[in-house]
$ cat target-v9.txt   # compact mmCIF, C-alpha atoms
# COMPACT_ATOMS: atom_id res chain seq x y z
CA MET N 116 12.38 -3.74 11.11
CA MET N 117 14.17 -0.46 10.58
CA THR N 118 17.83 -0.66 11.55
CA ARG N 119 19.44 2.45 10.15
CA MET N 120 20.29 5.18 12.63
CA ALA N 121 19.28 8.78 12.15
CA LYS N 122 21.67 10.69 9.94
CA GLY N 123 19.95 14.00 9.59
CA TRP N 124 16.77 15.93 10.28
CA VAL N 125 14.13 17.47 8.07
CA THR N 126 11.59 19.73 9.76
CA LEU N 127 8.00 20.53 8.82
CA ALA N 128 5.92 22.58 11.23
CA THR N 129 2.65 22.54 9.33
CA ILE N 130 -0.14 20.36 10.70
CA LEU N 131 -2.70 19.79 7.99
CA CYS N 132 -6.43 19.74 8.66
CA ILE N 133 -8.69 16.91 7.54
CA ALA N 134 -9.89 17.42 3.98
CA CYS N 135 -12.72 16.13 1.84
CA GLY N 136 -15.81 15.18 3.71
CA GLY N 137 -15.19 16.42 7.24
CA GLU N 138 -15.17 13.64 9.43
CA ASP N 139 -8.85 6.22 8.04
CA GLY N 140 5.07 -9.25 9.10
CA GLY N 141 2.65 -8.39 5.97
CA GLU N 142 -1.03 -7.59 5.95
CA LYS N 143 -3.53 -10.33 6.57
CA ALA N 144 -7.15 -10.47 5.51
CA GLY N 145 -9.52 -9.86 8.37
CA GLY N 146 -8.79 -7.11 10.71
CA GLY N 147 -10.55 -6.78 14.03
CA SER N 148 -13.79 -7.76 15.46
CA GLY N 149 -16.43 -6.93 12.94
CA ALA N 150 -13.85 -6.18 10.25
CA GLY N 151 -15.65 -8.26 7.68
CA ALA N 152 -19.17 -7.24 8.67
CA VAL N 153 -21.39 -5.60 6.11
CA ALA N 154 -24.19 -3.43 7.44
CA GLY N 155 -26.46 -2.21 4.72
CA ALA N 156 -25.60 -0.07 1.75
CA GLY N 157 -22.75 2.39 1.85
CA GLY N 158 -23.68 6.02 2.19
CA ALA N 159 -22.41 8.74 -0.04
CA SER N 160 -19.06 10.18 0.90
CA GLY N 161 -17.73 13.62 0.28
CA ALA N 162 -16.05 14.22 -3.05
CA ALA N 163 -12.31 14.11 -3.02
CA GLY N 164 -11.79 17.59 -4.24
CA GLY N 165 -10.54 18.80 -7.58
CA GLY N 166 -7.99 16.85 -9.44
CA GLY N 167 -6.88 15.79 -12.87
CA GLN N 168 -8.74 12.77 -14.15
CA ALA N 169 -6.63 9.64 -14.15
CA GLY N 170 -6.38 7.75 -17.38
CA GLY N 171 -7.32 4.11 -17.88
CA SER N 172 -5.69 1.20 -16.17
CA GLY N 173 -2.70 0.93 -18.42
CA GLY N 174 -2.12 3.08 -21.48
CA THR N 175 -1.25 6.75 -21.45
CA ALA N 176 0.96 8.48 -18.97
CA GLY N 177 -1.06 10.10 -16.27
CA SER N 178 -2.96 6.85 -15.72
CA GLY N 179 -2.83 6.96 -11.97
CA ALA N 180 -0.69 10.09 -12.03
CA ALA N 181 -3.10 12.97 -11.82
CA ALA N 182 -1.85 16.10 -10.19
CA GLY N 183 -4.48 16.52 -7.53
CA SER N 184 -5.98 19.98 -7.28
CA SER N 185 -3.62 21.47 -9.81
CA GLY N 186 -4.99 19.60 -12.80
CA THR N 187 -3.64 16.77 -14.93
CA ALA N 188 0.04 16.24 -14.37
CA GLY N 189 2.46 16.10 -17.26
CA SER N 190 -0.15 16.86 -19.90
CA SER N 191 2.45 18.09 -22.35
CA GLY N 192 4.53 14.93 -22.24
CA GLY N 193 2.56 12.67 -24.56
CA SER N 194 1.92 8.95 -24.37
CA ALA N 195 4.29 6.78 -22.40
CA GLY N 196 3.01 3.28 -23.11
CA SER N 197 2.32 0.68 -20.46
CA GLY N 198 5.58 0.99 -18.58
CA GLY N 199 6.97 4.41 -19.33
CA SER N 200 6.68 7.97 -18.13
CA ALA N 201 5.70 11.06 -19.98
CA GLY N 202 7.72 14.19 -19.51
CA GLY N 203 6.26 16.80 -17.22
CA ALA N 204 5.42 20.30 -18.31
CA GLY N 205 7.59 23.25 -17.47
CA GLY N 206 10.62 21.22 -16.39
CA ALA N 207 8.73 19.29 -13.70
CA PRO N 208 9.81 15.70 -13.01
CA ALA N 209 8.35 13.05 -15.28
CA ASN N 210 5.14 11.37 -14.20
CA LYS N 211 6.32 8.06 -12.81
CA TYR N 212 4.04 5.16 -13.70
CA HIS N 213 5.88 1.87 -14.04
CA PRO N 214 3.37 -0.97 -13.65
CA GLY N 215 4.46 -4.58 -13.52
CA HIS N 216 6.08 -6.89 -10.97
CA TYR N 217 7.60 -5.71 -7.68
CA ILE N 218 9.28 -7.75 -4.95
CA ALA N 219 8.03 -6.95 -1.44
CA MET N 220 10.93 -7.04 1.01
CA VAL N 221 10.17 -8.99 4.18
CA ASN N 222 13.04 -9.27 6.64
CA SER N 223 15.66 -6.88 5.34
CA ASN N 224 15.91 -3.40 3.86
CA GLY N 225 19.57 -3.93 3.01
CA PRO N 226 21.00 -2.95 -0.36
CA ALA N 227 22.27 -6.45 -1.18
CA GLU N 228 18.78 -8.00 -0.98
CA ILE N 229 17.21 -5.06 -2.79
CA LEU N 230 19.64 -5.42 -5.68
CA ASP N 231 19.27 -9.20 -5.68
CA SER N 232 15.51 -8.73 -6.08
CA LEU N 233 15.90 -6.91 -9.41
CA ARG N 234 15.64 -10.09 -11.46
CA PRO N 235 14.42 -10.27 -15.10
CA GLY N 236 10.93 -8.83 -15.40
CA VAL N 237 11.00 -7.12 -11.98
CA ARG N 238 10.40 -3.34 -12.02
CA GLY N 239 11.32 -2.61 -8.41
CA VAL N 240 10.74 -3.39 -4.74
CA GLN N 241 8.43 -2.51 -1.90
CA VAL N 242 10.10 -1.70 1.42
CA ARG N 243 8.37 -1.09 4.77
CA TYR N 244 9.26 1.98 6.83
CA ARG N 245 7.90 2.35 10.33
CA TRP N 246 6.46 5.77 11.10
CA ARG N 247 8.29 6.10 14.42
CA SER N 248 11.62 5.67 12.58
CA LEU N 249 10.68 8.36 10.07
CA GLU N 250 9.60 10.87 12.73
CA PRO N 251 11.53 10.18 15.95
CA THR N 252 10.22 13.40 17.50
CA LYS N 253 7.37 15.61 16.45
CA ASP N 254 8.01 17.52 13.21
CA LYS N 255 11.60 16.24 12.99
CA TYR N 256 11.85 13.75 10.17
CA ASP N 257 14.60 11.27 9.41
CA PHE N 258 14.10 9.99 5.86
CA SER N 259 17.67 8.73 5.44
CA ALA N 260 16.58 5.08 5.12
CA ILE N 261 14.24 5.86 2.24
CA LYS N 262 16.83 8.01 0.52
CA ALA N 263 19.45 5.27 0.83
CA ASP N 264 17.15 2.71 -0.78
CA LEU N 265 16.20 5.10 -3.58
CA ASP N 266 19.85 5.77 -4.29
CA VAL N 267 20.53 2.03 -4.48
CA LEU N 268 17.71 1.52 -6.99
CA ALA N 269 18.21 4.54 -9.23
CA PRO N 270 21.44 3.40 -10.98
CA LYS N 271 19.76 0.08 -11.80
CA SER N 272 16.58 1.72 -13.14
CA GLY N 273 14.64 0.14 -10.31
CA TYR N 274 11.68 1.73 -8.52
CA LEU N 275 10.61 1.90 -4.90
CA ILE N 276 7.17 1.56 -3.36
CA ALA N 277 7.60 2.91 0.18
CA LEU N 278 5.00 1.36 2.51
CA ILE N 279 4.51 3.52 5.59
CA GLU N 280 3.64 1.48 8.66
CA ASP N 281 1.13 2.80 11.19
CA LYS N 282 0.18 -0.78 12.12
CA THR N 283 2.34 -3.61 13.44
CA PHE N 284 1.81 -7.35 13.79
CA ASN N 285 4.03 -7.84 16.83
CA GLY N 286 4.52 -6.05 20.15
CA GLU N 287 6.31 -3.07 18.65
CA MET N 288 4.83 0.40 18.39
CA PRO N 289 4.52 1.76 14.84
CA THR N 290 3.97 5.40 15.76
CA PRO N 291 6.10 8.12 17.39
CA ASP N 292 5.96 8.41 21.17
CA TYR N 293 3.98 11.64 20.99
CA LEU N 294 1.14 9.67 19.34
CA SER N 295 0.97 6.95 22.00
CA ALA N 296 -2.49 8.17 23.08
CA GLN N 297 -3.64 7.79 19.45
CA THR N 298 -2.37 4.21 19.09
CA LEU N 299 -4.18 1.08 20.31
CA PRO N 300 -3.51 -2.67 20.55
CA ASN N 301 -4.78 -4.76 17.64
CA ALA N 302 -5.90 -8.35 17.22
CA ALA N 303 -2.59 -9.39 15.62
CA GLY N 304 -0.63 -8.68 18.80
CA GLY N 305 0.64 -5.34 17.54
CA TYR N 306 -0.62 -1.79 17.52
CA THR N 307 -2.55 0.45 15.12
CA LEU N 308 -2.96 4.19 14.82
CA ILE N 309 -6.49 5.37 15.67
CA ARG N 310 -6.99 6.36 12.06
CA TRP N 311 -10.30 8.17 12.59
CA ASP N 312 -8.87 10.41 15.35
CA SER N 313 -8.50 14.02 14.20
CA VAL N 314 -5.04 14.46 15.77
CA ALA N 315 -3.78 11.20 14.26
CA ILE N 316 -5.10 12.09 10.82
CA ALA N 317 -3.55 15.55 10.87
CA ARG N 318 -0.18 14.09 11.81
CA LEU N 319 -0.37 11.39 9.13
CA GLN N 320 -1.23 14.04 6.56
CA ALA N 321 1.76 16.09 7.71
CA LEU N 322 4.01 13.05 7.26
CA MET N 323 2.69 12.44 3.74
CA LYS N 324 3.23 16.05 2.82
CA ALA N 325 6.81 15.89 4.09
CA LEU N 326 7.49 12.66 2.18
CA GLY N 327 6.14 14.18 -1.01
CA ALA N 328 8.26 17.30 -0.61
CA ALA N 329 11.36 15.18 -0.03
CA PHE N 330 10.95 12.49 -2.69
CA ASP N 331 8.34 13.23 -5.35
CA GLY N 332 11.12 14.45 -7.61
CA HIS N 333 13.36 11.42 -7.10
CA PRO N 334 13.40 9.32 -10.29
CA ALA N 335 13.36 6.02 -8.38
CA LEU N 336 10.30 6.72 -6.21
CA GLU N 337 7.33 4.94 -7.73
CA ALA N 338 4.87 5.34 -4.87
CA ILE N 339 4.09 5.97 -1.24
CA ALA N 340 1.69 3.36 0.18
CA ILE N 341 -0.52 3.33 3.25
CA GLN N 342 -1.38 0.12 5.07
CA GLU N 343 -4.47 -2.04 4.82
CA SER N 344 -7.83 -0.62 5.86
CA ALA N 345 -8.43 -3.54 8.29
CA HIS N 346 -7.04 -1.96 11.44
CA GLY N 347 -7.60 -4.87 13.83
CA ILE N 348 -8.80 -2.74 16.76
CA SER N 349 -11.45 -4.41 18.90
CA ASP N 350 -15.09 -3.36 18.88
CA ALA N 351 -14.80 -2.28 22.52
CA ASN N 352 -11.82 -0.04 21.84
CA MET N 353 -13.47 1.34 18.72
CA ALA N 354 -16.52 2.32 20.75
CA THR N 355 -14.42 3.83 23.55
CA HIS N 356 -12.50 5.96 21.08
CA GLY N 357 -15.47 7.25 19.13
CA TYR N 358 -15.27 5.09 16.03
CA THR N 359 -17.92 5.36 13.35
CA PRO N 360 -17.54 3.95 9.85
CA GLU N 361 -18.38 7.41 8.51
CA LYS N 362 -15.45 8.95 10.39
CA TYR N 363 -13.13 6.24 9.11
CA ARG N 364 -14.38 6.56 5.53
CA ASP N 365 -13.89 10.32 5.50
CA ALA N 366 -10.51 10.09 7.22
CA LEU N 367 -9.24 7.64 4.61
CA ILE N 368 -10.41 9.94 1.84
CA ALA N 369 -8.61 12.83 3.55
CA VAL N 370 -5.32 10.95 3.93
CA LEU N 371 -5.38 9.57 0.40
CA THR N 372 -6.20 12.98 -1.02
CA THR N 373 -3.32 14.62 0.84
CA THR N 374 -0.96 11.81 -0.15
CA LYS N 375 -1.75 12.05 -3.85
CA GLN N 376 -1.70 15.83 -3.92
CA SER N 377 1.73 15.66 -2.26
CA LEU N 378 2.91 13.29 -5.02
CA PRO N 379 1.92 14.96 -8.31
CA HIS N 380 4.60 13.03 -10.20
CA SER N 381 4.50 9.74 -8.26
CA GLN N 382 1.84 7.24 -7.24
CA ALA N 383 -0.19 6.88 -4.04
CA PHE N 384 -1.01 3.27 -3.18
CA TRP N 385 -4.05 2.44 -1.06
CA TYR N 386 -4.04 -0.98 0.58
CA MET N 387 -7.71 -1.78 1.16
CA ASN N 388 -9.47 -4.93 2.27
CA PHE N 389 -12.01 -4.48 5.09
CA LEU N 390 -13.73 -1.49 6.65
CA PRO N 391 -15.25 -2.36 10.02
CA GLN N 392 -19.05 -2.11 10.28
CA LYS N 393 -19.61 -0.75 6.77
CA GLN N 394 -17.77 -2.66 4.06
CA PRO N 395 -19.57 -0.84 1.19
CA TYR N 396 -17.81 2.38 2.20
CA LEU N 397 -14.69 1.06 0.47
CA ALA N 398 -16.44 1.69 -2.84
CA ASP N 399 -17.31 5.22 -1.70
CA ILE N 400 -13.66 5.87 -0.94
CA ALA N 401 -12.54 4.49 -4.30
CA THR N 402 -15.10 6.65 -6.09
CA ALA N 403 -13.91 9.73 -4.23
CA VAL N 404 -10.20 9.25 -4.93
CA ALA N 405 -10.37 7.81 -8.45
CA PRO N 406 -10.22 11.28 -10.10
CA LEU N 407 -6.93 11.87 -8.29
CA GLY N 408 -5.35 8.75 -9.76
CA VAL N 409 -4.85 6.84 -6.50
CA VAL N 410 -3.73 3.24 -7.10
CA MET N 411 -6.12 0.83 -5.34
CA GLY N 412 -5.38 -2.68 -4.19
CA GLY N 413 -4.61 -4.78 -1.19
CA PRO N 414 -2.86 -7.70 0.41
CA ASP N 415 -3.41 -11.35 -0.47
CA ILE N 416 -3.95 -12.93 -3.89
CA LEU N 417 -6.02 -15.90 -2.72
CA PRO N 418 -8.46 -17.23 -5.33
CA GLU N 419 -10.40 -19.33 -2.80
CA SER N 420 -10.53 -17.04 0.23
CA PRO N 421 -14.27 -16.76 1.04
CA SER N 422 -14.06 -13.33 2.68
CA LEU N 423 -11.93 -11.83 -0.08
CA VAL N 424 -14.00 -13.38 -2.89
CA LYS N 425 -17.24 -12.12 -1.36
CA LEU N 426 -16.29 -8.76 0.12
CA VAL N 427 -13.12 -7.45 -1.52
CA TYR N 428 -12.42 -8.86 -4.97
CA PRO N 429 -15.66 -7.48 -6.48
CA LEU N 430 -14.16 -4.00 -6.03
CA TYR N 431 -11.45 -4.85 -8.57
CA ASN N 432 -14.11 -5.58 -11.18
CA GLN N 433 -16.11 -2.51 -10.21
CA PHE N 434 -13.17 -0.13 -10.55
CA GLN N 435 -11.29 -1.73 -13.45
CA GLY N 436 -10.36 1.06 -15.86
CA LYS N 437 -11.36 3.76 -13.37
CA LEU N 438 -8.10 3.72 -11.43
CA PRO N 439 -4.93 1.60 -11.54
CA LEU N 440 -5.03 -1.64 -9.53
CA PHE N 441 -2.50 -3.69 -7.57
CA CYS N 442 -2.45 -6.69 -5.28
CA SER N 443 0.19 -8.44 -3.21
CA ALA N 444 1.08 -12.13 -3.18
CA GLN N 445 1.92 -12.48 0.49
CA PHE N 446 2.93 -15.56 2.46
CA ASP N 447 -0.49 -17.20 2.14
CA SER N 448 -0.37 -16.96 -1.65
CA TYR N 449 2.62 -19.32 -1.75
CA GLU N 450 0.74 -21.98 0.23
CA HIS N 451 -2.84 -21.54 -0.98
CA VAL N 452 -4.60 -24.89 -1.45
CA LYS N 453 -6.83 -25.58 -4.42
CA SER N 454 -9.98 -27.25 -3.09
CA ALA N 455 -10.58 -29.28 -6.23
CA THR N 456 -7.23 -31.07 -6.10
CA GLY N 457 -5.77 -30.54 -2.63
CA LYS N 458 -2.61 -29.21 -4.26
CA TYR N 459 -1.10 -25.77 -3.88
CA TYR N 460 -1.88 -23.09 -6.43
CA THR N 461 1.15 -22.70 -8.69
CA MET N 462 2.76 -19.31 -9.15
CA GLN N 463 1.49 -19.29 -12.73
CA GLU N 464 -2.06 -19.75 -11.44
CA ILE N 465 -1.64 -17.01 -8.83
CA PHE N 466 -0.33 -14.68 -11.55
CA GLU N 467 -3.16 -15.50 -13.95
CA PHE N 468 -5.77 -14.92 -11.26
CA GLY N 469 -4.28 -11.50 -10.52
CA ARG N 470 -3.97 -10.60 -14.17
CA ASP N 471 -7.29 -11.92 -15.46
CA GLN N 472 -9.67 -11.86 -12.50
CA LEU N 473 -8.37 -8.86 -10.53
CA HIS N 474 -7.23 -6.92 -13.64
CA LEU N 475 -4.01 -5.85 -11.93
CA ASN N 476 -1.56 -3.31 -13.26
CA TYR N 477 0.94 -3.96 -10.46
CA MET N 478 1.70 -7.32 -8.80
CA LEU N 479 3.78 -7.48 -5.62
CA TRP N 480 5.45 -10.72 -4.55
CA ASN N 481 6.66 -11.24 -0.98
CA ARG N 482 10.30 -12.26 -0.88
CA LYS N 483 9.48 -15.48 0.98
CA SER N 484 12.64 -17.55 1.02
CA TRP N 485 11.29 -20.78 2.56
CA SER N 486 8.98 -23.47 1.18
CA THR N 487 6.92 -24.71 4.08
CA PRO N 488 4.65 -26.59 4.30
CA ALA N 489 6.34 -29.18 2.09
CA GLY N 490 5.34 -28.79 -1.53
CA SER N 491 4.45 -25.11 -1.24
CA TYR N 492 6.30 -22.34 -3.03
CA ASN N 493 8.55 -19.36 -2.39
CA TRP N 494 9.57 -16.23 -4.27
CA LEU N 495 12.14 -18.06 -6.39
CA ASP N 496 9.31 -20.13 -7.87
CA ALA N 497 7.62 -16.90 -8.97
CA LEU N 498 10.67 -15.64 -10.86
CA PRO N 499 10.17 -17.71 -14.06
CA VAL N 500 6.57 -16.50 -14.22
CA ILE N 501 7.68 -12.91 -13.74
CA ALA N 502 10.37 -13.21 -16.41
CA ALA N 503 7.93 -14.74 -18.90
CA ASN N 504 5.27 -12.08 -18.23
CA PRO N 505 7.08 -8.79 -17.58
CA THR N 506 4.12 -6.71 -18.81
CA PHE N 507 0.41 -7.26 -18.40
CA ASN N 508 -2.82 -5.26 -18.48

$ encode --input "target-v9.txt" --output "structure tokens"
Amino acid sequence: MMTRMAKGWVTLATILCIACGGEDGGEKAGGGSGAGAVAGAGGASGAAGGGGQAGGSGGTAGSGAAAGSSGTAGSSGGSAGSGGSAGGAGGAPANKYHPGHYIAMVNSNGPAEILDSLRPGVRGVQVRYRWRSLEPTKDKYDFSAIKADLDVLAPKSGYLIALIEDKTFNGEMPTPDYLSAQTLPNAAGGYTLIRWDSVAIARLQALMKALGAAFDGHPALEAIAIQESAHGISDANMATHGYTPEKYRDALIAVLTTTKQSLPHSQAFWYMNFLPQKQPYLADIATAVAPLGVVMGGPDILPESPSLVKLVYPLYNQFQGKLPLFCSAQFDSYEHVKSATGKYYTMQEIFEFGRDQLHLNYMLWNRKSWSTPAGSYNWLDALPVIAANPTFN
């Protein structure tokens, strides 16, 4: 997916240790064997460490923009409203919180499609960046693709959500070669980082720290996002590689904590959906990272998906007002059938479900350019809805 060649190197020698608790073509609901299984009540996880308390789900600046261990970011800047940013204290960059509609790029990271996506009501875009392209060799980072996209968006007052891929849905490796021993095949035909492995976690934390150092001050960076919690690794491989849901819970808390603390003026997006063998641990993770202002959400706005309705969507109700929320209308959302009528959900209905039932602050729409099966929708059908509802929640 990444096509730009390396143009320069940034080095970072520090390997961060796991924090908080000791022992983490578009995402799809599900994830590997046992990904949707619920086994009893979730245990208590370690607290996420000190951090400024995030505000509510919409209003004042700092909602979802806490400064991690250094306290509440931008406290001297005042209220920014639902789509603005308050000025930071002491000359620091403004706290960037621009909720609303974003277009999720699918097949191209090129500037022409990015600019074409900035239609009326659209705040910015999400672009995927594969880890192995960002770190071709250990501790040598090439962030030129991200910088190029930020520089395209900035003059148009657009914002970037940079989704960092450690999981693929095809035969390509997402991780650098030096992490091949920490990367396993997944059920989608791709590969996933062993997210509970201590070496893998330390390296992912180092990457997040480097990204924050490079881009937290860029006015067009809205957020860094990590991929869905459903990793898709088989039960057999999980057992062979020492998986426990407690390790995965604590590792996700560690990565999210590092990511947000590395982005005191930007957002950290957590794509969550399923946590193998202990689904209730997702609530423990959300509780741990809410004081940091992490933005919680996931793939797939599907009002009639049984697994999402039963296991995932209740978390949006549980954490409404405790941290900002997002969700992504991916390919399935454009061809989701309403059982009562046999017709496809309209884009207005998908939007209203996200706004009213999931209480979203951010909505992401895949840039799906085709309308198959016949009668289904694509991203162009969402544009009138976006234009008519540029702000919500």

$ closest_residue --input "target-v9.txt" --among "N:Ile416, N:Ala321, N:Leu438, N:Phe466" --to "Lys255 of chain N" --atoms "all atoms listed in the file"
N:Ala321

$ closest_residue --input "target-v9.txt" --among "N:Pro421, N:Ile309, N:Ala338, N:Gly347" --to "Leu367 of chain N" --atoms "all atoms listed in the file"
N:Ile309

$ atom_distance --input "target-v9.txt" --atom1 "atom CA of Gly236 of chain N" --atom2 "atom CA of Tyr477 of chain N"
12.2 Å

$ atom_distance --input "target-v9.txt" --atom1 "atom CA of Leu473 of chain N" --atom2 "atom CA of Tyr428 of chain N"
6.9 Å

$ closest_residue --input "target-v9.txt" --among "N:Glu419, N:Asp281, N:Asp350, N:Glu228" --to "Gln392 of chain N" --atoms "only C-alpha atoms"
N:Asp350

$ atom_distance --input "target-v9.txt" --atom1 "atom CA of Ile341 of chain N" --atom2 "atom CA of Trp385 of chain N"
5.6 Å

$ residues_near_point --input "target-v9.txt" --point "(1.6, -15.5, 0.1)" --cutoff "10 Å" --atoms "all atoms listed in the file" --output "PyMOL selection string"
chain N and resi 141+143+414-417+443-451+465+480-483+492-494

$ write_last_selection --input "target-v9.txt" --atoms "C-alpha atoms" --output "PDB file, keeping the file's coordinate frame"
ATOM      1  CA  GLY N 141       2.650  -8.390   5.970  1.00  0.00           C
ATOM      2  CA  LYS N 143      -3.530 -10.330   6.570  1.00  0.00           C
ATOM      3  CA  PRO N 414      -2.860  -7.700   0.410  1.00  0.00           C
ATOM      4  CA  ASP N 415      -3.410 -11.350  -0.470  1.00  0.00           C
ATOM      5  CA  ILE N 416      -3.950 -12.930  -3.890  1.00  0.00           C
ATOM      6  CA  LEU N 417      -6.020 -15.900  -2.720  1.00  0.00           C
ATOM      7  CA  SER N 443       0.190  -8.440  -3.210  1.00  0.00           C
ATOM      8  CA  ALA N 444       1.080 -12.130  -3.180  1.00  0.00           C
ATOM      9  CA  GLN N 445       1.920 -12.480   0.490  1.00  0.00           C
ATOM     10  CA  PHE N 446       2.930 -15.560   2.460  1.00  0.00           C
ATOM     11  CA  ASP N 447      -0.490 -17.200   2.140  1.00  0.00           C
ATOM     12  CA  SER N 448      -0.370 -16.960  -1.650  1.00  0.00           C
ATOM     13  CA  TYR N 449       2.620 -19.320  -1.750  1.00  0.00           C
ATOM     14  CA  GLU N 450       0.740 -21.980   0.230  1.00  0.00           C
ATOM     15  CA  HIS N 451      -2.840 -21.540  -0.980  1.00  0.00           C
ATOM     16  CA  ILE N 465      -1.640 -17.010  -8.830  1.00  0.00           C
ATOM     17  CA  TRP N 480       5.450 -10.720  -4.550  1.00  0.00           C
ATOM     18  CA  ASN N 481       6.660 -11.240  -0.980  1.00  0.00           C
ATOM     19  CA  ARG N 482      10.300 -12.260  -0.880  1.00  0.00           C
ATOM     20  CA  LYS N 483       9.480 -15.480   0.980  1.00  0.00           C
ATOM     21  CA  TYR N 492       6.300 -22.340  -3.030  1.00  0.00           C
ATOM     22  CA  ASN N 493       8.550 -19.360  -2.390  1.00  0.00           C
ATOM     23  CA  TRP N 494       9.570 -16.230  -4.270  1.00  0.00           C
TER      24      TRP N 494
END
